[in-house]
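This is coords.cif. It holds mmCIF, C-alpha atoms.
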```cif
data_query
loop_
_atom_site.label_atom_id
_atom_site.label_comp_id
_atom_site.auth_asym_id
_atom_site.auth_seq_id
_atom_site.Cartn_x
_atom_site.Cartn_y
_atom_site.Cartn_z
CA MET F 1 -13.25 -38.85 -21.53
CA PHE F 2 -15.70 -39.66 -24.32
CA PRO F 3 -14.90 -37.47 -27.33
CA TRP F 4 -18.12 -38.39 -29.15
CA LYS F 5 -20.29 -37.29 -26.24
CA ARG F 6 -21.75 -33.86 -26.93
CA GLU F 7 -22.22 -31.23 -24.31
CA LYS F 8 -25.81 -30.16 -23.84
CA LYS F 9 -26.59 -26.76 -25.28
CA CYS F 10 -28.49 -24.34 -23.12
CA LYS F 11 -31.94 -23.74 -24.52
CA LYS F 12 -33.19 -20.18 -24.81
CA TYR F 13 -36.43 -19.24 -23.16
CA ILE F 14 -38.46 -16.05 -23.22
CA ARG F 15 -40.92 -14.67 -20.69
CA ILE F 16 -43.40 -12.07 -21.97
CA PHE F 17 -45.39 -9.84 -19.64
CA SER F 18 -48.60 -7.90 -20.20
CA GLY F 19 -48.63 -5.60 -17.21
CA SER F 20 -47.87 -7.85 -14.25
CA GLN F 21 -49.36 -10.95 -15.92
CA ILE F 22 -47.19 -13.45 -17.78
CA SER F 23 -48.53 -13.86 -21.34
CA TYR F 24 -45.95 -16.42 -22.46
CA ASP F 25 -43.19 -18.30 -20.69
CA GLY F 26 -41.44 -20.98 -22.70
CA LEU F 27 -38.93 -21.95 -25.32
CA LEU F 28 -38.02 -19.21 -27.75
CA GLU F 29 -38.10 -21.64 -30.68
CA VAL F 30 -41.80 -22.40 -30.11
CA LEU F 31 -42.87 -18.81 -29.44
CA PRO F 32 -46.29 -18.38 -31.08
CA LEU F 33 -45.90 -15.98 -33.99
CA CYS F 34 -48.68 -14.11 -35.75
CA GLU F 35 -49.88 -15.93 -38.87
CA SER F 36 -50.27 -12.75 -40.91
CA VAL F 37 -46.66 -11.77 -40.19
CA ILE F 38 -45.43 -15.24 -41.20
CA ILE F 39 -47.30 -14.93 -44.51
CA GLN F 40 -46.00 -11.37 -45.03
CA LYS F 41 -42.39 -12.47 -44.38
CA SER F 42 -42.83 -15.54 -46.59
CA ILE F 43 -43.86 -13.29 -49.47
CA GLN F 44 -40.93 -10.99 -48.72
CA PHE F 45 -38.31 -13.74 -48.47
CA PHE F 46 -39.60 -16.38 -50.90
CA ASP F 47 -42.36 -14.72 -52.95
CA ASP F 48 -44.62 -17.43 -51.51
CA PRO F 49 -48.10 -16.38 -50.26
CA GLU F 50 -48.95 -19.99 -49.30
CA PRO F 51 -45.79 -21.24 -47.59
CA CYS F 52 -45.13 -24.93 -47.11
CA TYR F 53 -43.75 -26.11 -43.78
CA ILE F 54 -40.17 -25.68 -45.04
CA HIS F 55 -40.73 -22.01 -45.88
CA ARG F 56 -42.68 -21.52 -42.64
CA ASP F 57 -39.77 -22.91 -40.62
CA ALA F 58 -37.28 -20.75 -42.51
CA VAL F 59 -39.41 -17.66 -41.87
CA ARG F 60 -39.74 -18.52 -38.15
CA ILE F 61 -35.98 -19.01 -37.84
CA ARG F 62 -35.29 -15.68 -39.54
CA MET F 63 -37.84 -13.84 -37.38
CA LEU F 64 -36.48 -15.30 -34.14
CA ALA F 65 -32.90 -14.59 -35.23
CA GLU F 66 -33.90 -11.00 -35.94
CA LEU F 67 -35.37 -10.70 -32.44
CA GLU F 68 -32.21 -12.12 -30.92
CA GLN F 69 -30.02 -9.82 -33.00
CA ILE F 70 -31.93 -6.66 -32.14
CA THR F 71 -32.03 -7.43 -28.42
CA GLY F 72 -28.62 -8.98 -27.85
CA THR F 73 -28.68 -10.66 -24.47
CA SER F 74 -31.54 -8.73 -22.85
CA PHE F 75 -34.58 -6.67 -23.71
CA PRO F 76 -34.39 -2.92 -23.06
CA SER F 77 -36.49 -1.75 -20.14
CA SER F 78 -38.28 0.97 -22.11
CA SER F 79 -41.73 -0.11 -23.30
CA LYS F 80 -41.22 2.02 -26.44
CA SER F 81 -38.01 0.21 -27.46
CA PRO F 82 -37.73 -1.09 -31.06
CA ALA F 83 -37.13 -4.61 -29.72
CA LEU F 84 -40.41 -4.69 -27.79
CA GLU F 85 -42.26 -3.11 -30.72
CA LEU F 86 -40.92 -5.85 -32.99
CA LEU F 87 -41.90 -8.52 -30.46
CA ARG F 88 -45.42 -7.02 -30.25
CA GLN F 89 -45.69 -7.11 -34.03
CA TYR F 90 -44.36 -10.67 -34.37
CA THR F 91 -46.48 -12.17 -31.57
CA GLY F 92 -49.61 -10.07 -31.94
CA ILE F 93 -49.57 -9.32 -28.19
CA SER F 94 -50.35 -5.60 -28.27
CA SER F 95 -50.50 -5.33 -24.47
CA LEU F 96 -46.90 -6.55 -24.09
CA THR F 97 -45.05 -4.41 -21.53
CA LYS F 98 -41.88 -6.35 -20.80
CA ALA F 99 -39.92 -9.38 -21.96
CA GLU F 100 -36.86 -11.20 -20.71
CA TRP F 101 -34.57 -13.96 -21.98
CA TYR F 102 -33.23 -16.78 -19.87
CA GLU F 103 -31.38 -20.02 -20.53
CA MET F 104 -31.63 -23.46 -18.99
#
```

What do you get writing this file as C-alpha coordinates?
Amino acid sequence: MFPWKREKKCKKYIRIFSGSQISYDGLLEVLPLCESVIIQKSIQFFDDPEPCYIHRDAVRIRMLAELEQITGTSFPSSSKSPALELLRQYTGISSLTKAEWYEM
(Lines of atoms letter the chains of each structure in order from A and count residues from 1; the text may use other names and numbers.)
(Lines give C-alpha, C1' and ligand atoms only; values in the text may rest on other atoms or scores of the structure.)
Protein backbone atom coordinates (compact mmCIF):
# COMPACT_ATOMS: atom_id res chain seq x y z
CA MET A 1 0.00 0.00 0.00
CA PHE A 2 2.83 2.40 0.84
CA PRO A 3 5.51 2.12 -1.85
CA TRP A 4 8.05 4.14 0.15
CA LYS A 5 7.80 1.84 3.15
CA ARG A 6 10.76 -0.54 3.21
CA GLU A 7 10.53 -4.11 4.28
CA LYS A 8 12.69 -4.96 7.25
CA LYS A 9 15.77 -6.96 6.38
CA CYS A 10 16.53 -10.00 8.47
CA LYS A 11 19.66 -9.45 10.51
CA LYS A 12 22.29 -12.17 10.56
CA TYR A 13 23.41 -13.57 13.87
CA ILE A 14 26.12 -16.04 14.78
CA ARG A 15 26.43 -18.35 17.76
CA ILE A 16 29.93 -19.63 18.58
CA PHE A 17 30.54 -22.59 20.86
CA SER A 18 33.62 -23.64 22.80
CA GLY A 19 32.74 -27.17 23.78
CA SER A 20 29.21 -26.95 25.15
CA GLN A 21 29.64 -23.32 26.30
CA ILE A 22 28.48 -20.41 24.15
CA SER A 23 31.42 -18.03 23.59
CA TYR A 24 29.51 -15.50 21.49
CA ASP A 25 25.88 -15.12 20.51
CA GLY A 26 24.97 -11.94 18.68
CA LEU A 27 24.90 -9.92 15.51
CA LEU A 28 27.40 -10.98 12.89
CA GLU A 29 28.23 -7.36 12.07
CA VAL A 30 29.50 -6.72 15.62
CA LEU A 31 31.39 -10.00 16.00
CA PRO A 32 34.58 -9.18 17.92
CA LEU A 33 37.52 -9.66 15.59
CA CYS A 34 41.16 -10.04 16.58
CA GLU A 35 43.03 -6.72 16.45
CA SER A 36 46.19 -8.26 15.01
CA VAL A 37 44.22 -9.77 12.12
CA ILE A 38 42.52 -6.43 11.42
CA ILE A 39 45.94 -4.75 11.25
CA GLN A 40 47.33 -7.55 9.06
CA LYS A 41 44.38 -7.29 6.64
CA SER A 42 44.61 -3.49 6.63
CA ILE A 43 48.23 -3.74 5.52
CA GLN A 44 47.26 -6.32 2.90
CA PHE A 45 44.30 -4.37 1.50
CA PHE A 46 45.35 -0.74 1.99
CA ASP A 47 49.06 -0.79 2.87
CA ASP A 48 48.00 0.90 6.11
CA PRO A 49 49.57 -0.36 9.39
CA GLU A 50 47.59 2.22 11.43
CA PRO A 51 44.09 2.08 9.95
CA CYS A 52 41.60 4.85 10.51
CA TYR A 53 38.00 3.93 11.30
CA ILE A 54 37.12 3.94 7.58
CA HIS A 55 39.79 1.37 6.77
CA ARG A 56 38.90 -0.62 9.89
CA ASP A 57 35.27 -0.80 8.80
CA ALA A 58 36.25 -1.79 5.27
CA VAL A 59 38.49 -4.55 6.64
CA ARG A 60 35.73 -5.81 8.97
CA ILE A 61 33.23 -5.88 6.11
CA ARG A 62 35.64 -7.82 3.90
CA MET A 63 36.47 -10.30 6.67
CA LEU A 64 32.82 -10.94 7.50
CA ALA A 65 31.95 -11.26 3.80
CA GLU A 66 34.75 -13.80 3.43
CA LEU A 67 33.32 -15.81 6.33
CA GLU A 68 29.87 -15.71 4.79
CA GLN A 69 31.21 -16.70 1.38
CA ILE A 70 33.23 -19.66 2.65
CA THR A 71 30.39 -21.00 4.78
CA GLY A 72 27.37 -20.30 2.58
CA THR A 73 24.28 -20.72 4.73
CA SER A 74 25.70 -22.96 7.46
CA PHE A 75 28.95 -23.97 9.08
CA PRO A 76 30.25 -27.47 8.35
CA SER A 77 29.99 -29.85 11.29
CA SER A 78 33.65 -30.92 11.15
CA SER A 79 35.80 -29.07 13.69
CA LYS A 80 38.70 -29.21 11.19
CA SER A 81 36.76 -27.42 8.43
CA PRO A 82 38.40 -24.41 6.71
CA ALA A 83 35.43 -22.23 7.72
CA LEU A 84 35.88 -22.93 11.43
CA GLU A 85 39.65 -22.51 11.13
CA LEU A 86 39.12 -19.11 9.53
CA LEU A 87 36.62 -18.15 12.24
CA ARG A 88 39.13 -19.22 14.93
CA GLN A 89 41.80 -17.08 13.29
CA TYR A 90 39.55 -14.03 12.86
CA THR A 91 38.08 -14.10 16.37
CA GLY A 92 41.06 -15.40 18.30
CA ILE A 93 38.87 -18.05 19.96
CA SER A 94 41.18 -21.06 19.69
CA SER A 95 38.82 -23.33 21.65
CA LEU A 96 35.99 -22.81 19.12
CA THR A 97 34.31 -26.14 18.35
CA LYS A 98 31.12 -25.18 16.54
CA ALA A 99 29.35 -22.18 15.05
CA GLU A 100 25.93 -21.60 13.55
CA TRP A 101 24.19 -18.79 11.65
CA TYR A 102 20.64 -17.68 12.26
CA GLU A 103 18.48 -14.77 11.16
CA MET A 104 15.88 -12.69 12.95

> Using all atoms listed in the file, which residues sit within 12 Å of Asp57 (chain F) once same-chain residues fewer than 6 positions away are excluded, as an MDAnalysis selection string?
Replying inline: chainID F and resid 29:30 33 38:39 41:42 51 63:64

Would you mind exporting C-alpha atoms of the selected residues as a PDB file, in the frame of the given file?
```pdb
ATOM      1  CA  GLU F  29     -38.100 -21.640 -30.680  1.00  0.00           C
ATOM      2  CA  VAL F  30     -41.800 -22.400 -30.110  1.00  0.00           C
ATOM      3  CA  LEU F  33     -45.900 -15.980 -33.990  1.00  0.00           C
ATOM      4  CA  ILE F  38     -45.430 -15.240 -41.200  1.00  0.00           C
ATOM      5  CA  ILE F  39     -47.300 -14.930 -44.510  1.00  0.00           C
ATOM      6  CA  LYS F  41     -42.390 -12.470 -44.380  1.00  0.00           C
ATOM      7  CA  SER F  42     -42.830 -15.540 -46.590  1.00  0.00           C
ATOM      8  CA  PRO F  51     -45.790 -21.240 -47.590  1.00  0.00           C
ATOM      9  CA  MET F  63     -37.840 -13.840 -37.380  1.00  0.00           C
ATOM     10  CA  LEU F  64     -36.480 -15.300 -34.140  1.00  0.00           C
TER      11      LEU F  64
END
```

>> Could you check which residues have any atom within 7 Å of (-37.7, -14.1, -31.9), counting all atoms listed in the file with coordinates taken straight from the file, and then list them as a PyMOL selection string?
In response: chain F and resi 28+63-68

Could you write out that same residue set with C-alpha atoms as an mmCIF file, in the frame of the given file?
```
data_model
loop_
_atom_site.group_PDB
_atom_site.id
_atom_site.type_symbol
_atom_site.label_atom_id
_atom_site.label_comp_id
_atom_site.auth_asym_id
_atom_site.auth_seq_id
_atom_site.Cartn_x
_atom_site.Cartn_y
_atom_site.Cartn_z
ATOM 1 C CA LEU F 28 -38.020 -19.210 -27.750
ATOM 2 C CA MET F 63 -37.840 -13.840 -37.380
ATOM 3 C CA LEU F 64 -36.480 -15.300 -34.140
ATOM 4 C CA ALA F 65 -32.900 -14.590 -35.230
ATOM 5 C CA GLU F 66 -33.900 -11.000 -35.940
ATOM 6 C CA LEU F 67 -35.370 -10.700 -32.440
ATOM 7 C CA GLU F 68 -32.210 -12.120 -30.920
#
```

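Across the structure, CA of Val37 (chain F) and CA of Tyr90 (chain F) are spaced 6.4 Å apart.
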
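With all atoms listed in the file as the atoms that count, the minimum distance from Leu86 (chain F) to the choices F:Cys34, F:Ile22, F:Cys52, F:Leu27 is reached by F:Cys34.
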
>> Could you tell me, as a PyMOL selection string, exactly which residues end up selected when the PyMOL selection byres ((chain F and resi 103) around 6) is applied to this structure?
In response: chain F and resi 10-13+102+104
